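> Take a look at my_file.txt, compact mmCIF, C-alpha atoms:
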```txt
# COMPACT_ATOMS: atom_id res chain seq x y z
CA MET A 1256 168.23 -209.80 28.42
CA PRO A 1257 165.03 -211.47 27.19
CA ALA A 1258 166.02 -214.91 25.86
CA ASP A 1259 163.64 -214.99 22.88
CA ILE A 1260 164.91 -211.74 21.28
CA SER A 1261 168.19 -212.15 19.40
CA MET A 1262 170.99 -209.59 19.66
CA THR A 1263 170.74 -209.00 15.89
CA VAL A 1264 167.15 -207.80 16.26
CA ILE A 1265 168.04 -205.60 19.25
CA LEU A 1266 170.98 -204.10 17.38
CA SER A 1267 168.93 -203.56 14.20
CA ILE A 1268 166.31 -201.66 16.18
CA PHE A 1269 169.00 -199.60 17.90
CA TYR A 1270 170.82 -198.72 14.64
CA LEU A 1271 167.55 -197.74 13.02
CA VAL A 1272 166.46 -195.56 15.95
CA PHE A 1273 169.93 -193.99 16.30
CA LEU A 1274 170.00 -193.24 12.57
CA GLY A 1275 166.63 -191.57 13.12
CA GLN A 1276 168.16 -189.51 15.92
CA ILE A 1277 170.96 -188.34 13.62
CA TYR A 1278 168.50 -187.41 10.88
CA VAL A 1279 165.80 -185.78 13.01
CA ILE A 1280 168.04 -183.74 15.33
CA SER A 1281 171.07 -182.96 13.17
CA ILE A 1282 169.53 -182.70 9.69
CA HIS A 1283 165.74 -182.34 9.60
CA TYR A 1284 165.08 -179.80 12.36
CA PRO A 1285 168.25 -177.73 11.78
CA ASN A 1286 167.22 -177.44 8.10
CA LYS A 1287 163.71 -176.42 9.09
CA THR A 1288 165.04 -173.88 11.59
CA MET A 1289 167.50 -172.41 9.10
CA ASN A 1290 164.84 -172.22 6.37
CA ARG A 1291 162.55 -170.43 8.77
CA ILE A 1292 165.20 -167.88 9.73
CA ARG A 1293 166.19 -167.41 6.07
CA TYR A 1294 162.53 -166.93 5.06
CA VAL A 1295 162.12 -164.18 7.65
CA HIS A 1296 165.42 -162.58 6.66
CA ASP A 1297 164.62 -162.62 2.93
CA ASN A 1298 161.01 -161.46 3.19
CA TYR A 1299 161.40 -158.95 6.00
CA PRO A 1300 164.74 -157.20 5.38
CA PRO A 1301 166.36 -154.90 7.95
CA GLY A 1302 165.77 -151.81 5.82
CA GLU A 1303 161.98 -152.16 6.00
CA TYR A 1304 161.64 -154.08 9.27
CA PRO A 1305 164.40 -152.69 11.52
CA LYS A 1306 162.59 -153.61 14.75
CA LEU A 1307 163.06 -157.27 13.87
CA TYR A 1308 166.83 -156.87 14.14
CA PRO A 1309 167.68 -155.45 17.56
CA GLY A 1310 171.29 -154.39 17.95
CA LYS A 1311 173.60 -151.49 17.22
CA THR A 1312 172.18 -151.17 13.71
CA PRO A 1313 169.61 -153.41 11.99
CA GLU A 1314 172.05 -154.02 9.10
CA ALA A 1315 174.81 -155.23 11.45
CA ALA A 1316 172.34 -157.44 13.31
CA SER A 1317 171.17 -158.86 9.99
CA LYS A 1318 174.75 -159.69 8.92
CA SER A 1319 175.31 -161.33 12.29
CA VAL A 1320 172.17 -163.48 11.73
CA LEU A 1321 173.52 -164.70 8.38
CA PHE A 1322 176.92 -165.47 9.88
CA ARG A 1323 175.38 -167.44 12.74
CA LEU A 1324 173.25 -169.34 10.20
CA LYS A 1325 176.39 -170.48 8.37
CA VAL A 1326 178.19 -171.51 11.56
CA ILE A 1327 175.19 -173.43 12.94
CA THR A 1328 174.57 -175.20 9.61
CA ALA A 1329 178.23 -176.27 9.46
CA TYR A 1330 178.18 -177.42 13.09
CA CYS A 1331 175.07 -179.55 12.55
CA ARG A 1332 176.64 -181.19 9.49
CA VAL A 1333 179.81 -182.02 11.42
CA VAL A 1334 177.74 -183.54 14.25
CA ALA A 1335 175.70 -185.58 11.75
CA VAL A 1336 178.91 -186.92 10.13
CA LEU A 1337 180.28 -187.70 13.59
CA GLY A 1338 177.09 -189.64 14.40
CA ILE A 1339 177.33 -191.65 11.19
CA GLY A 1340 181.01 -192.30 11.99
CA VAL A 1341 180.08 -193.60 15.45
CA LEU A 1342 177.40 -195.80 13.90
CA ALA A 1343 179.87 -197.18 11.33
CA TYR A 1344 182.40 -197.87 14.11
CA MET A 1345 179.75 -199.75 16.10
CA LEU A 1346 178.86 -201.85 13.07
CA GLY A 1347 182.52 -202.54 12.28
CA SER A 1348 183.61 -203.36 15.82
CA GLY A 1349 180.72 -205.74 16.54
CA TYR A 1350 179.29 -203.58 19.33
CA GLN A 1351 176.74 -205.18 21.65
CA PRO A 1352 174.70 -203.13 24.14
CA ALA A 1353 175.37 -204.04 27.79
CA ALA A 1354 172.68 -206.40 29.08
CA GLU A 1355 172.56 -204.55 32.42
CA GLY A 1356 172.00 -201.18 30.66
CA GLY A 1357 174.09 -198.01 30.97
CA ASP A 1358 174.94 -197.49 27.28
CA GLU A 1359 172.18 -194.88 27.02
CA VAL A 1360 174.66 -192.39 28.52
CA PHE A 1361 176.45 -192.26 25.12
CA VAL A 1362 173.16 -191.62 23.34
CA MET A 1363 172.50 -188.76 25.75
CA LEU A 1364 175.98 -187.29 25.33
CA TYR A 1365 175.57 -187.33 21.56
CA PHE A 1366 172.14 -185.73 21.96
CA PHE A 1367 173.66 -182.84 23.94
CA LEU A 1368 176.10 -182.26 21.06
CA GLN A 1369 173.16 -182.27 18.66
CA ALA A 1370 170.91 -180.07 20.77
CA ALA A 1371 173.59 -177.40 21.46
CA PRO A 1372 172.54 -175.18 18.47
CA PHE A 1373 168.91 -175.24 19.57
CA ILE A 1374 169.90 -174.26 23.10
CA TYR A 1375 172.16 -171.54 21.70
CA LEU A 1376 169.37 -170.20 19.45
CA ALA A 1377 166.91 -170.17 22.36
CA ILE A 1378 169.36 -168.19 24.54
CA HIS A 1379 170.14 -165.83 21.66
CA GLU A 1380 166.43 -165.26 20.99
CA PHE A 1381 165.90 -164.48 24.68
CA GLN A 1382 168.72 -161.92 24.58
CA GLN A 1383 167.24 -160.32 21.45
CA PHE A 1384 163.86 -159.99 23.13
CA LYS A 1385 165.54 -158.42 26.17
CA ILE A 1386 167.09 -155.74 23.91
CA MET A 1387 163.67 -155.23 22.27
CA GLN A 1388 162.02 -154.82 25.68
CA ASP A 1389 164.63 -152.30 26.86
CA GLY A 1390 164.20 -150.24 23.72
CA HIS A 1391 160.42 -150.39 23.53
CA LYS A 1392 158.62 -148.35 26.18
CA PRO A 1393 155.64 -146.76 24.43
CA ALA A 1394 153.63 -144.11 26.24
CA VAL A 1395 150.31 -145.45 24.95
CA ARG A 1396 149.76 -149.07 25.97
CA THR A 1397 146.88 -151.44 25.48
CA ALA A 1398 145.85 -154.67 27.18
CA ASP A 1399 143.10 -157.21 26.92
CA LEU A 1400 140.35 -157.06 29.54
CA ARG A 1401 139.91 -160.83 29.40
CA PRO A 1402 141.76 -163.15 31.76
CA ARG A 1403 144.01 -165.86 30.36
CA HIS A 1404 143.33 -169.25 31.90
CA LEU A 1405 145.18 -172.53 31.43
CA PHE A 1406 142.20 -174.31 29.89
CA ASP A 1407 141.75 -171.59 27.26
CA PHE A 1408 144.89 -173.03 25.70
CA ILE A 1409 144.84 -176.76 26.44
CA GLN A 1410 142.21 -179.47 26.60
CA PRO A 1411 141.43 -180.44 30.22
CA SER A 1412 141.68 -184.09 29.14
CA ALA A 1413 145.29 -183.59 27.98
CA PHE A 1414 146.16 -181.91 31.27
CA LEU A 1415 144.44 -184.66 33.26
CA ALA A 1416 146.28 -187.34 31.27
CA THR A 1417 149.58 -185.67 32.18
CA VAL A 1418 148.70 -185.56 35.88
CA LEU A 1419 147.59 -189.21 35.72
CA MET A 1420 150.82 -190.23 33.99
CA PHE A 1421 152.80 -188.53 36.75
CA VAL A 1422 150.76 -190.34 39.43
CA VAL A 1423 151.22 -193.69 37.65
CA TRP A 1424 154.98 -193.15 37.38
CA LEU A 1425 155.24 -192.03 41.02
CA SER A 1426 153.24 -195.04 42.24
CA PHE A 1427 155.37 -197.43 40.19
CA TYR A 1428 158.55 -195.73 41.36
CA ILE A 1429 157.63 -195.94 45.03
CA TRP A 1430 156.51 -199.56 44.60
CA GLN A 1431 159.74 -200.48 42.81
CA ALA A 1432 161.98 -198.60 45.26
CA GLY A 1433 160.49 -200.57 48.14
CA ASP A 1434 160.67 -199.61 51.80
CA ILE A 1435 161.25 -195.85 52.12
CA ALA A 1436 163.52 -196.45 55.13
CA SER A 1437 166.01 -198.22 52.83
CA TRP A 1438 166.11 -195.46 50.16
CA GLY A 1439 169.48 -194.07 49.19
CA TRP A 1440 170.28 -190.64 47.75
CA GLU A 1441 169.54 -191.88 44.19
CA GLN A 1442 165.86 -192.40 45.00
CA TYR A 1443 165.51 -188.96 46.53
CA ALA A 1444 167.52 -187.35 43.71
CA THR A 1445 165.21 -188.89 41.07
CA LEU A 1446 162.13 -187.64 42.90
CA LEU A 1447 163.70 -184.21 43.29
CA PHE A 1448 164.72 -184.10 39.63
CA ILE A 1449 161.32 -185.10 38.23
CA GLY A 1450 159.48 -182.98 40.79
CA GLY A 1451 161.75 -180.03 39.98
CA ALA A 1452 161.21 -180.49 36.23
CA ASN A 1453 157.44 -180.40 36.72
CA VAL A 1454 157.67 -177.32 38.94
CA GLY A 1455 159.79 -175.74 36.18
CA TYR A 1456 157.12 -176.53 33.57
CA GLY A 1457 154.52 -174.97 35.89
CA VAL A 1458 156.57 -171.82 36.32
CA VAL A 1459 156.99 -171.43 32.54
CA ILE A 1460 153.23 -171.90 32.04
CA ALA A 1461 152.40 -169.34 34.76
CA GLN A 1462 154.94 -166.93 33.31
CA HIS A 1463 153.37 -167.19 29.85
CA LEU A 1464 149.82 -166.86 31.17
CA GLN A 1465 150.37 -163.96 33.55
CA GLY A 1466 153.82 -162.59 32.85
CA LYS A 1467 155.19 -160.02 30.44
CA LYS A 1468 155.26 -160.73 26.72
CA THR A 1469 158.67 -162.10 25.73
CA ASP A 1470 158.43 -160.21 22.44
CA PRO A 1471 157.15 -156.72 23.34
CA LEU A 1472 156.10 -155.94 19.76
CA GLN A 1473 154.19 -159.16 19.10
CA SER A 1474 150.56 -158.75 17.99
CA ARG A 1475 147.80 -160.04 20.30
CA GLU A 1476 146.92 -162.94 17.95
CA ASP A 1477 150.55 -164.06 17.74
CA GLN A 1478 150.94 -163.73 21.49
CA MET A 1479 147.91 -165.97 22.10
CA ARG A 1480 149.22 -168.50 19.58
CA SER A 1481 152.67 -168.51 21.21
CA ILE A 1482 151.18 -168.96 24.68
CA GLY A 1483 149.07 -171.87 23.42
CA VAL A 1484 152.07 -173.56 21.82
CA MET A 1485 154.30 -173.05 24.86
CA ILE A 1486 151.68 -174.45 27.24
CA ASN A 1487 151.13 -177.48 25.02
CA VAL A 1488 154.88 -178.08 24.78
CA MET A 1489 155.25 -177.88 28.57
CA VAL A 1490 152.33 -180.23 29.26
CA ILE A 1491 153.52 -182.73 26.63
CA SER A 1492 157.06 -182.54 28.04
CA SER A 1493 155.76 -183.34 31.50
CA PHE A 1494 153.77 -186.30 30.11
CA MET A 1495 156.79 -187.54 28.17
CA ILE A 1496 159.23 -187.35 31.07
CA SER A 1497 156.85 -189.40 33.27
CA LEU A 1498 156.32 -191.92 30.46
CA PHE A 1499 160.06 -192.20 29.79
CA MET A 1500 160.85 -192.73 33.46
CA LEU A 1501 158.08 -195.32 33.70
CA LEU A 1502 159.33 -197.23 30.64
CA THR A 1503 162.98 -197.25 31.76
CA GLN A 1504 161.99 -198.43 35.22
CA MET A 1505 159.80 -201.14 33.71
CA ALA A 1506 162.78 -202.17 31.57
CA ASP A 1507 164.83 -202.46 34.79
CA GLU A 1508 162.09 -204.40 36.55
CA PHE A 1509 161.52 -206.88 33.74
CA ALA A 1510 165.19 -207.22 32.69
CA PHE A 1511 164.83 -205.31 29.41
CA GLU A 1512 167.70 -202.92 30.17
CA VAL A 1513 169.30 -203.85 26.86
CA PHE A 1514 166.63 -201.63 25.26
CA ASP A 1515 167.62 -198.58 27.34
CA PRO A 1516 169.69 -196.96 24.53
CA VAL A 1517 166.78 -197.46 22.09
CA LEU A 1518 164.27 -196.01 24.55
CA THR A 1519 166.53 -193.06 25.34
CA SER A 1520 167.21 -192.25 21.69
CA PHE A 1521 163.52 -192.54 20.83
CA TYR A 1522 162.55 -190.36 23.79
CA LEU A 1523 165.07 -187.63 22.92
CA GLN A 1524 163.84 -187.52 19.32
CA LEU A 1525 160.26 -187.27 20.51
CA CYS A 1526 161.25 -184.42 22.84
CA LEU A 1527 162.54 -182.44 19.88
CA ILE A 1528 159.59 -183.33 17.65
CA MET A 1529 157.19 -182.29 20.40
CA GLY A 1530 159.17 -179.23 21.41
CA VAL A 1531 160.67 -177.58 18.33
CA GLY A 1532 158.26 -179.37 15.96
CA GLN A 1533 155.19 -178.29 17.92
CA THR A 1534 156.44 -174.69 17.90
CA PHE A 1535 156.88 -174.78 14.10
CA ARG A 1536 153.47 -176.35 13.58
CA GLY A 1537 151.73 -174.02 16.06
CA VAL A 1538 153.35 -170.78 14.95
CA LYS A 1539 153.63 -170.91 11.15
CA VAL A 1540 156.05 -168.25 9.99
CA GLU A 1541 153.77 -167.34 7.05
CA GLU A 1542 150.98 -166.47 9.50
CA VAL A 1543 153.02 -164.24 11.84
CA ASP A 1544 152.15 -160.54 11.74
CA PHE A 1545 155.49 -158.94 10.85
CA GLU A 1546 153.98 -155.48 10.30
CA VAL A 1547 154.58 -154.73 13.99
CA TYR A 1548 158.33 -154.75 13.23
CA ARG A 1549 158.08 -152.34 10.29
CA ALA A 1550 159.95 -149.02 10.46
CA ASP A 1551 157.92 -146.12 11.91
CA GLN A 1552 156.65 -143.70 9.28
CA PRO A 1553 158.23 -140.25 9.65
CA ILE A 1554 155.83 -137.67 11.01
CA ALA A 1555 154.95 -135.20 8.25
CA MET B 874 137.77 -155.67 24.74
CA GLN B 875 140.98 -153.69 25.14
CA ILE B 876 141.92 -151.05 27.68
CA MET B 877 144.26 -148.21 26.76
CA ILE B 878 146.43 -146.05 28.99
CA ASP B 879 148.78 -143.18 28.28
CA ILE B 880 151.58 -142.85 30.81
CA ASP B 881 152.40 -139.35 29.55
CA SER B 882 148.87 -138.16 30.31
CA GLU B 883 148.23 -135.77 33.22
CA VAL B 884 145.52 -138.12 34.48
CA PRO B 885 147.05 -140.60 36.95
CA VAL B 886 147.42 -144.11 35.52
CA PHE B 887 145.21 -145.71 38.19
CA SER B 888 142.43 -143.20 37.30
CA GLN B 889 142.80 -144.08 33.62
CA LEU B 890 142.37 -147.74 34.54
CA VAL B 891 139.29 -146.99 36.67
CA ASN B 892 137.78 -144.87 33.89
CA GLY B 893 138.69 -147.43 31.24
CA ILE B 894 136.95 -150.28 33.05
CA LYS B 895 133.94 -148.10 33.92
CA GLY B 896 133.78 -147.06 30.27
CA ALA B 897 133.85 -150.68 29.16
CA VAL B 898 130.94 -151.47 31.50
CA GLU B 899 129.00 -148.43 30.30
CA ALA B 900 129.57 -149.36 26.65
CA GLY B 901 128.44 -152.93 27.34
CA ALA B 902 131.81 -154.33 26.26
CA ILE B 903 131.98 -156.18 29.57
CA ALA B 904 128.87 -157.37 31.35
CA PRO B 905 128.03 -158.32 34.97
CA GLY B 906 129.64 -161.66 35.80
CA ASP B 907 132.38 -161.36 33.16
CA ALA B 908 135.83 -162.29 34.41
CA LEU B 909 138.56 -159.66 34.44
CA PRO B 910 142.31 -160.24 34.19
CA SER B 911 144.26 -160.73 37.39
CA ILE B 912 146.23 -157.79 38.79
CA ARG B 913 149.49 -159.46 37.71
CA GLN B 914 148.29 -160.13 34.15
CA LEU B 915 147.00 -156.60 33.61
CA ALA B 916 150.08 -155.02 35.20
CA ASN B 917 152.43 -157.10 33.03
CA ASP B 918 150.41 -156.51 29.85
CA LEU B 919 150.50 -152.76 30.44
CA ASP B 920 154.07 -152.81 31.81
CA LEU B 921 152.92 -151.19 35.05
CA ASN B 922 153.61 -151.79 38.71
CA ASN B 923 151.24 -154.34 40.33
CA LYS B 924 150.42 -151.76 43.02
CA THR B 925 149.00 -149.33 40.43
CA VAL B 926 146.57 -151.92 39.10
CA ALA B 927 145.77 -153.11 42.64
CA LYS B 928 144.87 -149.52 43.59
CA ALA B 929 142.54 -149.19 40.60
CA TYR B 930 140.90 -152.56 41.39
CA LYS B 931 140.45 -151.52 45.04
CA LEU B 932 138.67 -148.31 44.01
CA LEU B 933 136.49 -150.21 41.53
CA GLU B 934 135.63 -152.75 44.22
CA ARG B 935 134.71 -149.95 46.62
CA ASP B 936 132.39 -148.50 43.99
CA SER B 937 130.84 -151.97 43.38
CA ILE B 938 131.97 -152.03 39.75
CA ILE B 939 133.97 -155.22 40.26
CA GLN B 940 134.03 -157.94 42.89
CA THR B 941 136.80 -160.30 43.91
CA LYS B 942 135.82 -163.91 44.55
CA GLY B 943 138.93 -165.25 46.27
CA TYR B 944 141.03 -167.61 44.17
CA ARG B 945 138.39 -167.69 41.40
CA GLY B 946 139.39 -164.19 40.33
CA THR B 947 137.87 -160.79 39.73
CA PHE B 948 134.48 -160.30 38.05
CA VAL B 949 132.25 -157.47 36.93
CA HIS B 950 129.80 -156.70 39.78
CA PRO B 951 126.12 -157.59 39.13
CA ASP B 952 125.17 -153.94 39.82
CA ALA B 953 128.08 -152.47 37.83
CA PRO B 954 125.94 -150.94 35.00
CA LYS B 955 123.91 -149.08 37.63
CA ASN B 956 126.94 -148.08 39.70
CA VAL B 957 129.11 -146.69 36.90
CA GLY B 958 126.96 -143.56 36.89
CA ILE B 959 127.74 -142.87 40.55
CA ASP B 960 130.58 -140.41 40.89
CA ILE B 961 131.91 -140.71 44.41
CA ASN B 962 134.04 -137.56 44.03
CA ALA B 963 130.99 -135.52 43.03
CA TRP B 964 129.07 -137.00 45.98
CA ILE B 965 131.88 -136.09 48.44
CA SER B 966 132.02 -132.60 46.98
CA THR B 967 128.25 -132.11 47.40
CA LYS B 968 128.26 -133.43 50.98
CA LEU B 969 131.23 -131.28 52.03
CA THR B 970 129.80 -128.18 50.36
CA ASP B 971 126.61 -128.66 52.42
CA VAL B 972 128.58 -129.12 55.65
CA VAL B 973 130.83 -126.12 54.97
CA GLY B 974 127.72 -124.05 54.19
CA VAL B 975 126.08 -125.01 57.52
CA CYS B 976 129.30 -124.26 59.44
CA ARG B 977 129.63 -120.83 57.83
CA ASP B 978 125.98 -120.03 58.55
CA ARG B 979 126.78 -120.70 62.22
CA GLY B 980 129.66 -118.17 62.02
CA ALA B 981 132.62 -120.61 61.88
CA THR B 982 135.75 -119.24 60.23
CA ASP B 983 137.57 -121.08 57.40
CA SER B 984 140.50 -121.98 59.67
CA GLU B 985 138.10 -123.35 62.30
CA ILE B 986 136.42 -125.46 59.62
CA ARG B 987 139.82 -126.72 58.35
CA LEU B 988 141.00 -127.58 61.87
CA ALA B 989 137.75 -129.39 62.61
CA PHE B 990 137.96 -131.25 59.31
CA ASN B 991 141.54 -132.39 60.04
CA ALA B 992 140.59 -133.42 63.58
CA ALA B 993 137.63 -135.41 62.24
CA MET B 994 139.86 -137.15 59.70
CA GLN B 995 142.39 -137.97 62.42
CA SER B 996 139.70 -139.23 64.77
CA VAL B 997 138.25 -141.54 62.08
CA GLN B 998 141.74 -142.78 61.23
CA GLN B 999 142.54 -143.53 64.88
CA SER B 1000 139.28 -145.41 65.35
CA GLY B 1001 140.28 -147.58 62.40
CA GLY B 1002 137.83 -146.13 59.88
```
Let me see the file written as structure tokens.

Amino acid sequence: MPADISMTVILSIFYLVFLGQIYVISIHYPNKTMNRIRYVHDNYPPGEYPKLYPGKTPEAASKSVLFRLKVITAYCRVVAVLGIGVLAYMLGSGYQPAAEGGDEVFVMLYFFLQAAPFIYLAIHEFQQFKIMQDGHKPAVRTADLRPRHLFDFIQPSAFLATVLMFVVWLSFYIWQAGDIASWGWEQYATLLFIGGANVGYGVVIAQHLQGKKTDPLQSREDQMRSIGVMINVMVISSFMISLFMLLTQMADEFAFEVFDPVLTSFYLQLCLIMGVGQTFRGVKVEEVDFEVYRADQPIA
Amino acid sequence: MQIMIDIDSEVPVFSQLVNGIKGAVEAGAIAPGDALPSIRQLANDLDLNNKTVAKAYKLLERDSIIQTKGYRGTFVHPDAPKNVGIDINAWISTKLTDVVGVCRDRGATDSEIRLAFNAAMQSVQQSGG
């Protein structure tokens, strides 16, 4: 632990950042998500927009949406209270982060509890789109005669910065790990994990550029907006994971491991701000074309 | 520029794609040098098999309406506006009508012409044509 930084300062920073994690992930973004779903539900009801509610009947699907909303809201509140409880316990018991690091595991475990509703919603959304795709096979189909390229959606400089960040992290990692002959499985596992994550980001980008629309009814403008947002989220995620790995390794190298929980908490919050937040900012619900989900007019 | 297909139409889907792209060139909606979507993108956007789009692109490439530049992608051919007017099916029909006419003038029967035509096709196929 650096000698000139007192434990009180370190703890104050940690409590502040962890409080931020509780607020951002268990209160702010769940509220935003729920408001967004409620806005869509209230303004585009199942009677007029049945295609927005795939399922046995639009009304049943709509009721199920409202029920899920209640459950998720309650879950997020419980997790937030739990987080505040943990924080109060830490304060009361005189907790001190381990100088050699390792306490970030608890921050991560708590994050997984917090992120569960977002993961659930993402899986549920995917399933809904699958039902939409199965039920939507129009005879007349249209497509754009323009190709979609990566740099139509992201600044080359942002992409280059991400590649550079990866190279910087990799160089630092190899330098820090020392002689390759002495590497253990941990070194190879880290490389495999980060490499795999980047390959995953690449696959998602390729899928969005060239693959089928996730929402088969989505208008062209909304599709382009969604692709842009998804690509930006993937590129930022890749940048962030390299930066996080670099910072934690630097903390190890320069004996700042005591900051690992702070760094981890801050990184996880940024992931959500950049992921979910970017999606909300990029695809504003008021700008989405919901007319594509309206009930078909009966043929006279 | 959008392309439209109707899978319930009697016209094969690959022909609709060929006609759609030719029509876009004719209308000036896409110009020589313009990039076209990849086979995978177009197939996924239209919810078609990749092979159907690949077949249409192959025919368009044969007719010099489009050209493929390796990994850079597919582009509208520089001579595409001139070539869209060329109907290869009409040209084949004219050529074969002439040949059949000459054969009949020489007294060949229809079955002799058919057998000769099949043999010629087979011979070209065997020689790798």
> Against stretch 1341-1352 of chain A, which residues of stretch 1263-1295 of chain A fall within 8 Å? For each one I want the closest pair of atoms and the distance in Å (one decimal), counting all atoms listed in the file, rows by chain and increasing residue number, as a Markdown table.

```
| residue | atom | partner | partner_atom | distance |
| --- | --- | --- | --- | --- |
| A:Leu1266 | CA | A:Gln1351 | CA | 7.3 |
| A:Tyr1270 | CA | A:Leu1342 | CA | 7.2 |
| A:Leu1274 | CA | A:Leu1342 | CA | 7.9 |
```
> Based on the selection just made, write C-alpha atoms of those residues as a JSON list (two decimals), in the frame of the given file.

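Here's the written file out-v5.json:
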```json
[["chain", "number", "residue", "atom", "x", "y", "z"],
["A", 1266, "LEU", "CA", 170.98, -204.10, 17.38],
["A", 1270, "TYR", "CA", 170.82, -198.72, 14.64],
["A", 1274, "LEU", "CA", 170.00, -193.24, 12.57]]
```
> Restricting the calculation to only C-alpha atoms, which member of B:Ala989, B:Ala929, B:Ile961, B:Ala904 is positioned closest to B:Val891?
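Distance minimum relative to B:Val891 lands on B:Ala929.
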> Within 9 Å of chain B, which residues of chain A are there when counting only C-alpha atoms? Please give them as JSON, numbers by chain.
{"A": [1392, 1393, 1394, 1395, 1396, 1397, 1398, 1399, 1400, 1401, 1402, 1403, 1464, 1465, 1466, 1467, 1468]}
> For stretch 1375-1390 of chain A, work out the shell of residues within 10 Å, counting all atoms listed in the file and skipping chain neighbours fewer than 4 positions away, then give it as number ranges by chain.
A: 1288, 1306-1310, 1323, 1327, 1370-1371, 1467-1472
> Could you save those same residues with C-alpha atoms as a tab-separated table (two decimals), in the frame of the given file?

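After the write, selection-v4.tsv holds the following:
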```tsv
chain	number	residue	atom	x	y	z
A	1288	THR	CA	165.04	-173.88	11.59
A	1306	LYS	CA	162.59	-153.61	14.75
A	1307	LEU	CA	163.06	-157.27	13.87
A	1308	TYR	CA	166.83	-156.87	14.14
A	1309	PRO	CA	167.68	-155.45	17.56
A	1310	GLY	CA	171.29	-154.39	17.95
A	1323	ARG	CA	175.38	-167.44	12.74
A	1327	ILE	CA	175.19	-173.43	12.94
A	1370	ALA	CA	170.91	-180.07	20.77
A	1371	ALA	CA	173.59	-177.40	21.46
A	1467	LYS	CA	155.19	-160.02	30.44
A	1468	LYS	CA	155.26	-160.73	26.72
A	1469	THR	CA	158.67	-162.10	25.73
A	1470	ASP	CA	158.43	-160.21	22.44
A	1471	PRO	CA	157.15	-156.72	23.34
A	1472	LEU	CA	156.10	-155.94	19.76
```
> Kindly indicate which residue among B:Asp960, B:Lys968, B:Gly906, B:Arg987 lies nearest to B:Gln940, using all atoms listed in the file for the distances.
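For B:Gln940, the nearest of the candidates is B:Gly906.
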> So the first atom is atom CA of A:Tyr1284 and the second is atom CA of A:Lys1318; what is the distance between them in Å, to one decimal place?
22.6 Å
> Report the centre and edge lengths, in Å to one decimal, of an axis-aligned box enclosing every atom of stretch 1340-1352 of chain A listed in the file, padded by 8 Å on each side, as AutoDock Vina command-line options.

```
--center_x 179.2 --center_y -199.0 --center_z 17.7 --size_x 24.9 --size_y 29.4 --size_z 28.8
```
> What's the separation between atom CA of A:Gly1455 and atom CA of A:Ile1280, in Å to one decimal place?
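One can read the atom CA of A:Gly1455 to atom CA of A:Ile1280 distance as 23.8 Å.
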> Between atom CA of A:Met1363 and atom CA of A:Leu1523, what is the spacing in Å?
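The value is 8.0 Å.
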> Using all atoms listed in the file for the distances, tell me which of B:Arg935, B:Arg945, B:Lys928, B:Arg977 is nearest to B:Gln889.
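Answer, going by the shortest atom-to-atom distance: B:Lys928.
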> Might you pull out every residue within 12 Å of A:Ala1416, with only C-alpha atoms counted and same-chain residues fewer than 2 positions away left off, and present them as a PDB file with C-alpha atoms, in the coordinates of the input?

```pdb
ATOM      1  CA  ILE A1409     144.840-176.760  26.440  1.00  0.00           C
ATOM      2  CA  GLN A1410     142.210-179.470  26.600  1.00  0.00           C
ATOM      3  CA  PRO A1411     141.430-180.440  30.220  1.00  0.00           C
ATOM      4  CA  SER A1412     141.680-184.090  29.140  1.00  0.00           C
ATOM      5  CA  ALA A1413     145.290-183.590  27.980  1.00  0.00           C
ATOM      6  CA  PHE A1414     146.160-181.910  31.270  1.00  0.00           C
ATOM      7  CA  VAL A1418     148.700-185.560  35.880  1.00  0.00           C
ATOM      8  CA  LEU A1419     147.590-189.210  35.720  1.00  0.00           C
ATOM      9  CA  MET A1420     150.820-190.230  33.990  1.00  0.00           C
ATOM     10  CA  PHE A1421     152.800-188.530  36.750  1.00  0.00           C
ATOM     11  CA  VAL A1422     150.760-190.340  39.430  1.00  0.00           C
ATOM     12  CA  VAL A1423     151.220-193.690  37.650  1.00  0.00           C
ATOM     13  CA  VAL A1490     152.330-180.230  29.260  1.00  0.00           C
ATOM     14  CA  ILE A1491     153.520-182.730  26.630  1.00  0.00           C
ATOM     15  CA  SER A1493     155.760-183.340  31.500  1.00  0.00           C
ATOM     16  CA  PHE A1494     153.770-186.300  30.110  1.00  0.00           C
ATOM     17  CA  MET A1495     156.790-187.540  28.170  1.00  0.00           C
ATOM     18  CA  SER A1497     156.850-189.400  33.270  1.00  0.00           C
ATOM     19  CA  LEU A1498     156.320-191.920  30.460  1.00  0.00           C
TER      20      LEU A1498
END
```
